[in-house]
>>> print(open('input_12.cif').read())   # mmCIF, C-alpha atoms; chains and numbers go by the auth columns
data_query
loop_
_atom_site.group_PDB
_atom_site.id
_atom_site.type_symbol
_atom_site.label_atom_id
_atom_site.label_comp_id
_atom_site.label_asym_id
_atom_site.label_seq_id
_atom_site.Cartn_x
_atom_site.Cartn_y
_atom_site.Cartn_z
_atom_site.B_iso_or_equiv
_atom_site.auth_seq_id
_atom_site.auth_asym_id
ATOM 1 C CA MET A 1 -6.602 -7.677 -36.103 0.00 1 Q
ATOM 2 C CA ARG A 2 -3.322 -6.914 -34.347 0.00 2 Q
ATOM 3 C CA ARG A 3 -3.932 -3.182 -34.720 0.00 3 Q
ATOM 4 C CA LEU A 4 -7.483 -3.540 -33.406 0.00 4 Q
ATOM 5 C CA THR A 5 -6.265 -5.507 -30.380 0.00 5 Q
ATOM 6 C CA LEU A 6 -3.623 -2.880 -29.673 0.00 6 Q
ATOM 7 C CA SER A 7 -6.183 -0.084 -30.000 0.00 7 Q
ATOM 8 C CA LEU A 8 -8.535 -1.788 -27.570 0.00 8 Q
ATOM 9 C CA ALA A 9 -5.729 -2.328 -25.097 0.00 9 Q
ATOM 10 C CA LEU A 10 -4.721 1.332 -25.272 0.00 10 Q
ATOM 11 C CA ALA A 11 -8.335 2.420 -24.873 0.00 11 Q
ATOM 12 C CA ALA A 12 -8.698 0.235 -21.793 0.00 12 Q
ATOM 13 C CA LEU A 13 -5.501 1.673 -20.328 0.00 13 Q
ATOM 14 C CA CYS A 14 -6.669 5.236 -20.923 0.00 14 Q
ATOM 15 C CA ALA A 15 -10.057 4.454 -19.408 0.00 15 Q
ATOM 16 C CA GLY A 16 -8.418 2.943 -16.326 0.00 16 Q
ATOM 17 C CA THR A 17 -6.211 5.991 -15.897 0.00 17 Q
ATOM 18 C CA ALA A 18 -9.135 8.362 -16.333 0.00 18 Q
ATOM 19 C CA THR A 19 -11.048 6.797 -13.457 0.00 19 Q
ATOM 20 C CA ALA A 20 -8.034 6.559 -11.176 0.00 20 Q
ATOM 21 C CA SER A 21 -8.371 8.289 -7.813 0.00 21 Q
ATOM 22 C CA PRO A 22 -6.478 7.987 -4.522 0.00 22 Q
ATOM 23 C CA SER A 23 -9.492 6.597 -2.656 0.00 23 Q
ATOM 24 C CA ASN A 24 -10.154 4.063 -5.418 0.00 24 Q
ATOM 25 C CA PRO A 25 -6.656 3.411 -6.812 0.00 25 Q
ATOM 26 C CA VAL A 26 -6.130 1.658 -10.112 0.00 26 Q
ATOM 27 C CA ASN A 27 -3.488 -0.979 -10.748 0.00 27 Q
ATOM 28 C CA GLY A 28 -0.925 0.498 -13.115 0.00 28 Q
ATOM 29 C CA ALA A 29 -1.864 4.053 -12.131 0.00 29 Q
ATOM 30 C CA GLU A 30 -1.554 4.788 -8.382 0.00 30 Q
ATOM 31 C CA PHE A 31 -0.018 1.402 -7.624 0.00 31 Q
ATOM 32 C CA ARG A 32 1.343 -1.686 -9.300 0.00 32 Q
ATOM 33 C CA THR A 33 1.004 -5.350 -8.417 0.00 33 Q
ATOM 34 C CA LEU A 34 4.335 -7.119 -8.014 0.00 34 Q
ATOM 35 C CA GLN A 35 5.005 -9.821 -10.575 0.00 35 Q
ATOM 36 C CA THR A 36 5.979 -12.162 -7.744 0.00 36 Q
ATOM 37 C CA ALA A 37 4.406 -11.693 -4.321 0.00 37 Q
ATOM 38 C CA GLN A 38 6.986 -11.590 -1.520 0.00 38 Q
ATOM 39 C CA PRO A 39 6.749 -13.291 1.879 0.00 39 Q
ATOM 40 C CA THR A 40 5.582 -11.088 4.739 0.00 40 Q
ATOM 41 C CA GLN A 41 6.215 -10.933 8.460 0.00 41 Q
ATOM 42 C CA LYS A 42 3.056 -12.476 9.860 0.00 42 Q
ATOM 43 C CA VAL A 43 1.396 -10.573 12.705 0.00 43 Q
ATOM 44 C CA GLU A 44 -2.111 -11.700 13.609 0.00 44 Q
ATOM 45 C CA GLY A 45 -4.748 -9.328 12.268 0.00 45 Q
ATOM 46 C CA LYS A 46 -2.263 -6.946 10.652 0.00 46 Q
ATOM 47 C CA VAL A 47 -1.122 -6.155 7.107 0.00 47 Q
ATOM 48 C CA GLU A 48 2.587 -5.693 6.524 0.00 48 Q
ATOM 49 C CA VAL A 49 3.564 -2.275 5.158 0.00 49 Q
ATOM 50 C CA ILE A 50 7.201 -1.646 4.225 0.00 50 Q
ATOM 51 C CA GLU A 51 8.719 1.719 3.398 0.00 51 Q
ATOM 52 C CA PHE A 52 11.856 1.498 1.270 0.00 52 Q
ATOM 53 C CA PHE A 53 13.723 4.728 1.989 0.00 53 Q
ATOM 54 C CA MET A 54 17.145 6.370 1.995 0.00 54 Q
ATOM 55 C CA TYR A 55 18.382 8.719 4.693 0.00 55 Q
ATOM 56 C CA HIS A 56 19.506 11.405 2.233 0.00 56 Q
ATOM 57 C CA CYS A 57 16.249 11.332 0.207 0.00 57 Q
ATOM 58 C CA PRO A 58 14.339 14.668 0.460 0.00 58 Q
ATOM 59 C CA ALA A 59 11.036 12.984 -0.467 0.00 59 Q
ATOM 60 C CA CYS A 60 11.514 10.412 2.305 0.00 60 Q
ATOM 61 C CA ASN A 61 12.122 13.228 4.765 0.00 61 Q
ATOM 62 C CA ALA A 62 8.999 15.040 3.531 0.00 62 Q
ATOM 63 C CA VAL A 63 6.796 11.967 3.926 0.00 63 Q
ATOM 64 C CA GLU A 64 8.184 10.966 7.338 0.00 64 Q
ATOM 65 C CA THR A 65 5.888 12.950 9.647 0.00 65 Q
ATOM 66 C CA PRO A 66 2.569 12.267 7.856 0.00 66 Q
ATOM 67 C CA LEU A 67 3.508 8.613 7.301 0.00 67 Q
ATOM 68 C CA ALA A 68 4.397 8.186 10.983 0.00 68 Q
ATOM 69 C CA ALA A 69 1.036 9.690 11.934 0.00 69 Q
ATOM 70 C CA TRP A 70 -0.701 7.322 9.499 0.00 70 Q
ATOM 71 C CA VAL A 71 1.124 4.325 11.001 0.00 71 Q
ATOM 72 C CA LYS A 72 0.117 5.376 14.524 0.00 72 Q
ATOM 73 C CA LYS A 73 -3.497 5.834 13.450 0.00 73 Q
ATOM 74 C CA ASN A 74 -3.529 2.370 11.856 0.00 74 Q
ATOM 75 C CA ALA A 75 -1.500 0.563 14.514 0.00 75 Q
ATOM 76 C CA ASP A 76 -4.276 -1.993 14.985 0.00 76 Q
ATOM 77 C CA LYS A 77 -4.235 -2.879 11.261 0.00 77 Q
ATOM 78 C CA VAL A 78 -0.660 -2.448 10.110 0.00 78 Q
ATOM 79 C CA ASN A 79 2.702 -4.039 10.850 0.00 79 Q
ATOM 80 C CA PHE A 80 5.048 -1.288 9.638 0.00 80 Q
ATOM 81 C CA ARG A 81 8.771 -1.483 9.052 0.00 81 Q
ATOM 82 C CA ARG A 82 11.424 0.424 7.156 0.00 82 Q
ATOM 83 C CA ILE A 83 14.088 -0.941 4.836 0.00 83 Q
ATOM 84 C CA HIS A 84 16.954 1.200 3.601 0.00 84 Q
ATOM 85 C CA LEU A 85 17.383 0.912 -0.154 0.00 85 Q
ATOM 86 C CA SER A 86 20.875 -0.465 -0.685 0.00 86 Q
ATOM 87 C CA SER A 87 23.245 -1.343 -3.480 0.00 87 Q
ATOM 88 C CA GLY A 88 24.391 -4.259 -1.346 0.00 88 Q
ATOM 89 C CA GLU A 89 27.973 -2.991 -1.540 0.00 89 Q
ATOM 90 C CA PRO A 90 30.183 -2.737 1.583 0.00 90 Q
ATOM 91 C CA ARG A 91 30.810 0.968 0.952 0.00 91 Q
ATOM 92 C CA ASP A 92 27.130 1.912 0.886 0.00 92 Q
ATOM 93 C CA PHE A 93 27.639 4.040 4.000 0.00 93 Q
ATOM 94 C CA GLU A 94 24.000 5.044 4.473 0.00 94 Q
ATOM 95 C CA ALA A 95 22.761 1.460 4.341 0.00 95 Q
ATOM 96 C CA ARG A 96 25.652 0.354 6.583 0.00 96 Q
ATOM 97 C CA LEU A 97 24.575 2.871 9.202 0.00 97 Q
ATOM 98 C CA PHE A 98 20.992 1.573 8.958 0.00 98 Q
ATOM 99 C CA ALA A 99 22.119 -2.060 9.245 0.00 99 Q
ATOM 100 C CA THR A 100 24.313 -1.182 12.232 0.00 100 Q
ATOM 101 C CA LEU A 101 21.477 0.572 14.038 0.00 101 Q
ATOM 102 C CA GLU A 102 19.279 -2.397 13.213 0.00 102 Q
ATOM 103 C CA ALA A 103 21.848 -4.782 14.736 0.00 103 Q
ATOM 104 C CA LEU A 104 21.873 -2.615 17.879 0.00 104 Q
ATOM 105 C CA GLN A 105 18.042 -2.460 17.850 0.00 105 Q
ATOM 106 C CA LEU A 106 18.222 1.316 17.511 0.00 106 Q
ATOM 107 C CA GLN A 107 16.886 1.698 13.961 0.00 107 Q
ATOM 108 C CA ASP A 108 13.534 3.113 15.118 0.00 108 Q
ATOM 109 C CA SER A 109 14.639 5.237 18.067 0.00 109 Q
ATOM 110 C CA MET A 110 17.469 6.815 16.057 0.00 110 Q
ATOM 111 C CA HIS A 111 15.630 7.186 12.747 0.00 111 Q
ATOM 112 C CA ASP A 112 14.542 10.799 13.252 0.00 112 Q
ATOM 113 C CA LYS A 113 18.010 11.763 14.468 0.00 113 Q
ATOM 114 C CA VAL A 114 19.648 10.461 11.302 0.00 114 Q
ATOM 115 C CA LEU A 115 17.129 12.368 9.174 0.00 115 Q
ATOM 116 C CA GLN A 116 17.773 15.471 11.258 0.00 116 Q
ATOM 117 C CA ALA A 117 21.512 15.173 10.648 0.00 117 Q
ATOM 118 C CA TRP A 118 20.989 14.982 6.895 0.00 118 Q
ATOM 119 C CA HIS A 119 18.149 17.447 6.365 0.00 119 Q
ATOM 120 C CA GLN A 120 18.265 20.000 9.186 0.00 120 Q
ATOM 121 C CA GLU A 121 21.919 19.983 10.236 0.00 121 Q
ATOM 122 C CA ARG A 122 23.143 19.430 6.650 0.00 122 Q
ATOM 123 C CA ARG A 123 25.620 16.775 7.812 0.00 123 Q
ATOM 124 C CA ARG A 124 26.578 14.349 5.057 0.00 124 Q
ATOM 125 C CA LEU A 125 27.101 10.898 6.570 0.00 125 Q
ATOM 126 C CA ARG A 126 29.032 9.508 3.626 0.00 126 Q
ATOM 127 C CA SER A 127 32.005 7.827 5.274 0.00 127 Q
ATOM 128 C CA ASP A 128 32.892 5.483 8.120 0.00 128 Q
ATOM 129 C CA ALA A 129 34.365 8.401 10.085 0.00 129 Q
ATOM 130 C CA GLU A 130 31.248 10.556 9.668 0.00 130 Q
ATOM 131 C CA ASN A 131 28.972 7.698 10.722 0.00 131 Q
ATOM 132 C CA LEU A 132 31.089 7.044 13.820 0.00 132 Q
ATOM 133 C CA GLU A 133 31.192 10.727 14.754 0.00 133 Q
ATOM 134 C CA TRP A 134 27.389 10.934 14.404 0.00 134 Q
ATOM 135 C CA ALA A 135 26.904 7.818 16.557 0.00 135 Q
ATOM 136 C CA VAL A 136 29.127 9.015 19.392 0.00 136 Q
ATOM 137 C CA ARG A 137 27.592 12.508 19.295 0.00 137 Q
ATOM 138 C CA ASN A 138 24.170 10.883 19.724 0.00 138 Q
ATOM 139 C CA GLY A 139 25.161 8.866 22.764 0.00 139 Q
ATOM 140 C CA ILE A 140 25.881 5.456 21.205 0.00 140 Q
ATOM 141 C CA ASP A 141 28.751 3.592 22.827 0.00 141 Q
ATOM 142 C CA LYS A 142 31.750 3.823 20.484 0.00 142 Q
ATOM 143 C CA GLU A 143 32.997 0.284 20.983 0.00 143 Q
ATOM 144 C CA LYS A 144 29.565 -1.303 20.607 0.00 144 Q
ATOM 145 C CA PHE A 145 28.906 0.748 17.490 0.00 145 Q
ATOM 146 C CA LEU A 146 32.212 -0.206 15.866 0.00 146 Q
ATOM 147 C CA ALA A 147 31.796 -3.889 16.767 0.00 147 Q
ATOM 148 C CA ALA A 148 28.437 -3.966 15.016 0.00 148 Q
ATOM 149 C CA TYR A 149 29.482 -1.652 12.160 0.00 149 Q
ATOM 150 C CA ASN A 150 32.375 -3.879 11.138 0.00 150 Q
ATOM 151 C CA SER A 151 30.688 -7.199 11.883 0.00 151 Q
ATOM 152 C CA PHE A 152 30.106 -10.132 9.577 0.00 152 Q
ATOM 153 C CA GLY A 153 26.397 -9.858 10.339 0.00 153 Q
ATOM 154 C CA VAL A 154 26.153 -6.279 9.083 0.00 154 Q
ATOM 155 C CA ASN A 155 28.097 -7.188 5.934 0.00 155 Q
ATOM 156 C CA MET A 156 25.636 -10.007 5.266 0.00 156 Q
ATOM 157 C CA ARG A 157 22.700 -7.712 6.013 0.00 157 Q
ATOM 158 C CA LEU A 158 23.928 -5.236 3.392 0.00 158 Q
ATOM 159 C CA LYS A 159 23.901 -7.968 0.773 0.00 159 Q
ATOM 160 C CA ALA A 160 20.428 -9.051 1.901 0.00 160 Q
ATOM 161 C CA LEU A 161 19.133 -5.480 1.612 0.00 161 Q
ATOM 162 C CA GLY A 162 20.347 -5.341 -1.970 0.00 162 Q
ATOM 163 C CA ARG A 163 18.605 -8.623 -2.786 0.00 163 Q
ATOM 164 C CA MET A 164 15.393 -7.414 -1.163 0.00 164 Q
ATOM 165 C CA ALA A 165 15.320 -4.298 -3.319 0.00 165 Q
ATOM 166 C CA ASP A 166 15.708 -6.480 -6.411 0.00 166 Q
ATOM 167 C CA ALA A 167 12.985 -8.894 -5.261 0.00 167 Q
ATOM 168 C CA TYR A 168 10.497 -6.060 -4.686 0.00 168 Q
ATOM 169 C CA GLY A 169 11.534 -4.267 -7.878 0.00 169 Q
ATOM 170 C CA VAL A 170 12.396 -1.100 -5.965 0.00 170 Q
ATOM 171 C CA THR A 171 14.545 1.396 -7.851 0.00 171 Q
ATOM 172 C CA GLY A 172 13.715 4.654 -6.044 0.00 172 Q
ATOM 173 C CA THR A 173 12.499 6.078 -2.754 0.00 173 Q
ATOM 174 C CA PRO A 174 10.159 6.401 -1.049 0.00 174 Q
ATOM 175 C CA THR A 175 8.504 3.207 -2.269 0.00 175 Q
ATOM 176 C CA ILE A 176 5.875 1.555 -0.094 0.00 176 Q
ATOM 177 C CA ILE A 177 4.983 -2.135 -0.303 0.00 177 Q
ATOM 178 C CA VAL A 178 1.664 -3.385 1.044 0.00 178 Q
ATOM 179 C CA ASN A 179 1.142 -7.045 1.977 0.00 179 Q
ATOM 180 C CA GLY A 180 4.086 -8.176 -0.158 0.00 180 Q
ATOM 181 C CA LYS A 181 1.911 -7.628 -3.241 0.00 181 Q
ATOM 182 C CA TYR A 182 1.372 -3.956 -4.010 0.00 182 Q
ATOM 183 C CA SER A 183 3.896 -1.193 -4.644 0.00 183 Q
ATOM 184 C CA THR A 184 3.118 2.521 -4.595 0.00 184 Q
ATOM 185 C CA GLU A 185 5.036 5.792 -4.597 0.00 185 Q
ATOM 186 C CA PRO A 186 3.974 9.428 -4.174 0.00 186 Q
ATOM 187 C CA SER A 187 5.345 10.078 -7.662 0.00 187 Q
ATOM 188 C CA MET A 188 2.956 7.455 -9.093 0.00 188 Q
ATOM 189 C CA VAL A 189 0.019 9.033 -7.301 0.00 189 Q
ATOM 190 C CA ALA A 190 0.964 12.471 -8.603 0.00 190 Q
ATOM 191 C CA GLN A 191 1.386 11.171 -12.140 0.00 191 Q
ATOM 192 C CA ALA A 192 -2.023 9.468 -12.081 0.00 192 Q
ATOM 193 C CA ASN A 193 -3.762 12.517 -10.566 0.00 193 Q
ATOM 194 C CA ARG A 194 -2.296 15.521 -12.331 0.00 194 Q
ATOM 195 C CA HIS A 195 -4.873 17.879 -10.830 0.00 195 Q
ATOM 196 C CA LEU A 196 -3.338 17.452 -7.373 0.00 196 Q
ATOM 197 C CA ALA A 197 -1.462 20.384 -5.875 0.00 197 Q
ATOM 198 C CA ASN A 198 1.987 19.533 -4.520 0.00 198 Q
ATOM 199 C CA ASP A 199 0.766 19.789 -0.924 0.00 199 Q
ATOM 200 C CA ASP A 200 -1.977 17.259 -1.657 0.00 200 Q
ATOM 201 C CA VAL A 201 0.256 14.498 -3.038 0.00 201 Q
ATOM 202 C CA ILE A 202 1.286 12.996 0.308 0.00 202 Q
ATOM 203 C CA PRO A 203 -2.282 12.999 1.757 0.00 203 Q
ATOM 204 C CA ALA A 204 -3.462 11.379 -1.487 0.00 204 Q
ATOM 205 C CA SER A 205 -0.701 8.782 -1.198 0.00 205 Q
ATOM 206 C CA LEU A 206 -1.939 7.902 2.277 0.00 206 Q
ATOM 207 C CA GLN A 207 -5.433 7.447 0.824 0.00 207 Q
ATOM 208 C CA VAL A 208 -3.932 4.933 -1.587 0.00 208 Q
ATOM 209 C CA LEU A 209 -2.362 3.116 1.376 0.00 209 Q
ATOM 210 C CA ASP A 210 -5.749 3.055 3.126 0.00 210 Q
ATOM 211 C CA ALA A 211 -7.299 1.428 0.062 0.00 211 Q
ATOM 212 C CA LEU A 212 -4.503 -1.121 -0.388 0.00 212 Q
ATOM 213 C CA VAL A 213 -4.576 -2.105 3.290 0.00 213 Q
ATOM 214 C CA ALA A 214 -8.367 -2.506 3.112 0.00 214 Q
ATOM 215 C CA ARG A 215 -7.986 -4.649 -0.013 0.00 215 Q
ATOM 216 C CA SER A 216 -5.401 -6.812 1.726 0.00 216 Q
ATOM 217 C CA ARG A 217 -7.699 -7.368 4.716 0.00 217 Q
ATOM 218 C CA GLN A 218 -10.593 -8.668 2.616 0.00 218 Q
#
>>> encode(input="input_12.cif", output="structure tokens")
Amino acid sequence: MRRLTLSLALAALCAGTATASPSNPVNGAEFRTLQTAQPTQKVEGKVEVIEFFMYHCPACNAVETPLAAWVKKNADKVNFRRIHLSSGEPRDFEARLFATLEALQLQDSMHDKVLQAWHQERRRLRSDAENLEWAVRNGIDKEKFLAAYNSFGVNMRLKALGRMADAYGVTGTPTIIVNGKYSTEPSMVAQANRHLANDDVIPASLQVLDALVARSRQ
């Protein structure tokens, strides 16, 4: 009986995977449902979508332009925000830069410039000195930047970012959370749809987001 039950379960899993498609995503294939739903930022008529990312991540850089276009297209449906994946440690210099920009309310306006430093200019912002040099070079007041960078609030935010990653079960980037319930990644979409060419993975991932947002609005 145990073997029969296991066989049926495996057959069901294979069947679910076989019918998976980006426009009709399957739980456990193109996305997964979080074991514990997380609270969302409530905005009337909109579904929260969170991108967990890291500045140095090549895949995050690759998805940035099409994801930004998708967010703009769905501005009436989606409340989008980014969260930098963090270890929660004080010397996580990438996450500290993100938390500092967040404290200065510059995380959105400076986002592309940080990515440009990493991926076009090949600057490695992996120290306090490199982060400060980048900030000053990009017109941020040195004293204001340092006050935020070394503040108690930013230290606490780093710890909170680490806890958030644990709560959402995020271990890699980019990971996108929809409505505090569903988690998807381009790598999951590619794995579930092996026929996709590399250039089609990101568009297919956006189809999955369309479906998950629609599901969340029902």
>>> resolve_selection(input="input_12.cif", expression="the PyMOL selection byres ((chain Q and resi 164-171) around 12)", output="PyMOL selection string")
chain Q and resi 32-40+50-54+83-88+157-163+172-185
>>> residues_near_point(input="input_12.cif", point="(30.6, 9.8, 12.3)", cutoff="12 Å", atoms="only C-alpha atoms", output="PDB file with C-alpha atoms, in the frame of the given file")
ATOM      1  CA  PHE Q  93      27.639   4.040   4.000  1.00  0.00           C
ATOM      2  CA  GLU Q  94      24.000   5.044   4.473  1.00  0.00           C
ATOM      3  CA  LEU Q  97      24.575   2.871   9.202  1.00  0.00           C
ATOM      4  CA  VAL Q 114      19.648  10.461  11.302  1.00  0.00           C
ATOM      5  CA  ALA Q 117      21.512  15.173  10.648  1.00  0.00           C
ATOM      6  CA  ARG Q 123      25.620  16.775   7.812  1.00  0.00           C
ATOM      7  CA  ARG Q 124      26.578  14.349   5.057  1.00  0.00           C
ATOM      8  CA  LEU Q 125      27.101  10.898   6.570  1.00  0.00           C
ATOM      9  CA  ARG Q 126      29.032   9.508   3.626  1.00  0.00           C
ATOM     10  CA  SER Q 127      32.005   7.827   5.274  1.00  0.00           C
ATOM     11  CA  ASP Q 128      32.892   5.483   8.120  1.00  0.00           C
ATOM     12  CA  ALA Q 129      34.365   8.401  10.085  1.00  0.00           C
ATOM     13  CA  GLU Q 130      31.248  10.556   9.668  1.00  0.00           C
ATOM     14  CA  ASN Q 131      28.972   7.698  10.722  1.00  0.00           C
ATOM     15  CA  LEU Q 132      31.089   7.044  13.820  1.00  0.00           C
ATOM     16  CA  GLU Q 133      31.192  10.727  14.754  1.00  0.00           C
ATOM     17  CA  TRP Q 134      27.389  10.934  14.404  1.00  0.00           C
ATOM     18  CA  ALA Q 135      26.904   7.818  16.557  1.00  0.00           C
ATOM     19  CA  VAL Q 136      29.127   9.015  19.392  1.00  0.00           C
ATOM     20  CA  ARG Q 137      27.592  12.508  19.295  1.00  0.00           C
ATOM     21  CA  ASN Q 138      24.170  10.883  19.724  1.00  0.00           C
ATOM     22  CA  GLY Q 139      25.161   8.866  22.764  1.00  0.00           C
ATOM     23  CA  ILE Q 140      25.881   5.456  21.205  1.00  0.00           C
ATOM     24  CA  LYS Q 142      31.750   3.823  20.484  1.00  0.00           C
ATOM     25  CA  PHE Q 145      28.906   0.748  17.490  1.00  0.00           C
ATOM     26  CA  LEU Q 146      32.212  -0.206  15.866  1.00  0.00           C
ATOM     27  CA  TYR Q 149      29.482  -1.652  12.160  1.00  0.00           C
TER      28      TYR Q 149
END
>>> atom_distance(input="input_12.cif", atom1="atom CA of Gln41 of chain Q", atom2="atom CA of Ser23 of chain Q")
26.0 Å
>>> atom_distance(input="input_12.cif", atom1="atom CA of Ala103 of chain Q", atom2="atom CA of Gly153 of chain Q")
8.1 Å
>>> resolve_selection(input="input_12.cif", expression="the PyMOL selection byres ((chain Q and resi 188-194) around 9)", output="VMD selection string")
chain Q and resid 17 to 18 20 to 22 25 28 to 31 184 to 187 195 to 198 200 to 202 204 to 205 208
>>> write_last_selection(input="input_12.cif", atoms="C-alpha atoms", output="PDB file, in the coordinates of the input")
ATOM      1  CA  THR Q  17      -6.211   5.991 -15.897  1.00  0.00           C
ATOM      2  CA  ALA Q  18      -9.135   8.362 -16.333  1.00  0.00           C
ATOM      3  CA  ALA Q  20      -8.034   6.559 -11.176  1.00  0.00           C
ATOM      4  CA  SER Q  21      -8.371   8.289  -7.813  1.00  0.00           C
ATOM      5  CA  PRO Q  22      -6.478   7.987  -4.522  1.00  0.00           C
ATOM      6  CA  PRO Q  25      -6.656   3.411  -6.812  1.00  0.00           C
ATOM      7  CA  GLY Q  28      -0.925   0.498 -13.115  1.00  0.00           C
ATOM      8  CA  ALA Q  29      -1.864   4.053 -12.131  1.00  0.00           C
ATOM      9  CA  GLU Q  30      -1.554   4.788  -8.382  1.00  0.00           C
ATOM     10  CA  PHE Q  31      -0.018   1.402  -7.624  1.00  0.00           C
ATOM     11  CA  THR Q 184       3.118   2.521  -4.595  1.00  0.00           C
ATOM     12  CA  GLU Q 185       5.036   5.792  -4.597  1.00  0.00           C
ATOM     13  CA  PRO Q 186       3.974   9.428  -4.174  1.00  0.00           C
ATOM     14  CA  SER Q 187       5.345  10.078  -7.662  1.00  0.00           C
ATOM     15  CA  HIS Q 195      -4.873  17.879 -10.830  1.00  0.00           C
ATOM     16  CA  LEU Q 196      -3.338  17.452  -7.373  1.00  0.00           C
ATOM     17  CA  ALA Q 197      -1.462  20.384  -5.875  1.00  0.00           C
ATOM     18  CA  ASN Q 198       1.987  19.533  -4.520  1.00  0.00           C
ATOM     19  CA  ASP Q 200      -1.977  17.259  -1.657  1.00  0.00           C
ATOM     20  CA  VAL Q 201       0.256  14.498  -3.038  1.00  0.00           C
ATOM     21  CA  ILE Q 202       1.286  12.996   0.308  1.00  0.00           C
ATOM     22  CA  ALA Q 204      -3.462  11.379  -1.487  1.00  0.00           C
ATOM     23  CA  SER Q 205      -0.701   8.782  -1.198  1.00  0.00           C
ATOM     24  CA  VAL Q 208      -3.932   4.933  -1.587  1.00  0.00           C
TER      25      VAL Q 208
END
>>> atom_distance(input="input_12.cif", atom1="atom CA of Thr100 of chain Q", atom2="atom CA of Trp118 of chain Q")
17.3 Å
>>> residues_around(input="input_12.cif", residues="Asp112 of chain Q", least_positions_apart="4", cutoff="10 Å", atoms="all atoms listed in the file", output="list in words")
Tyr55, Asn61, Glu64, Thr65, Gln107, Asp108, Gln116, Ala117 and Trp118 of chain Q
>>> resolve_selection(input="input_12.cif", expression="the PyMOL selection byres ((chain Q and resi 79) around 7)", output="ChimeraX atom specification")
/Q:43,46-49,78,80-81
>>> closest_residue(input="input_12.cif", among="Q:Leu212, Q:Asp199, Q:Asn150, Q:Asn24", to="Arg96 of chain Q", atoms="only C-alpha atoms")
Q:Asn150
>>> closest_residue(input="input_12.cif", among="Q:Ala99, Q:Leu206, Q:Lys113, Q:Asp141", to="Met156 of chain Q", atoms="all atoms listed in the file")
Q:Ala99
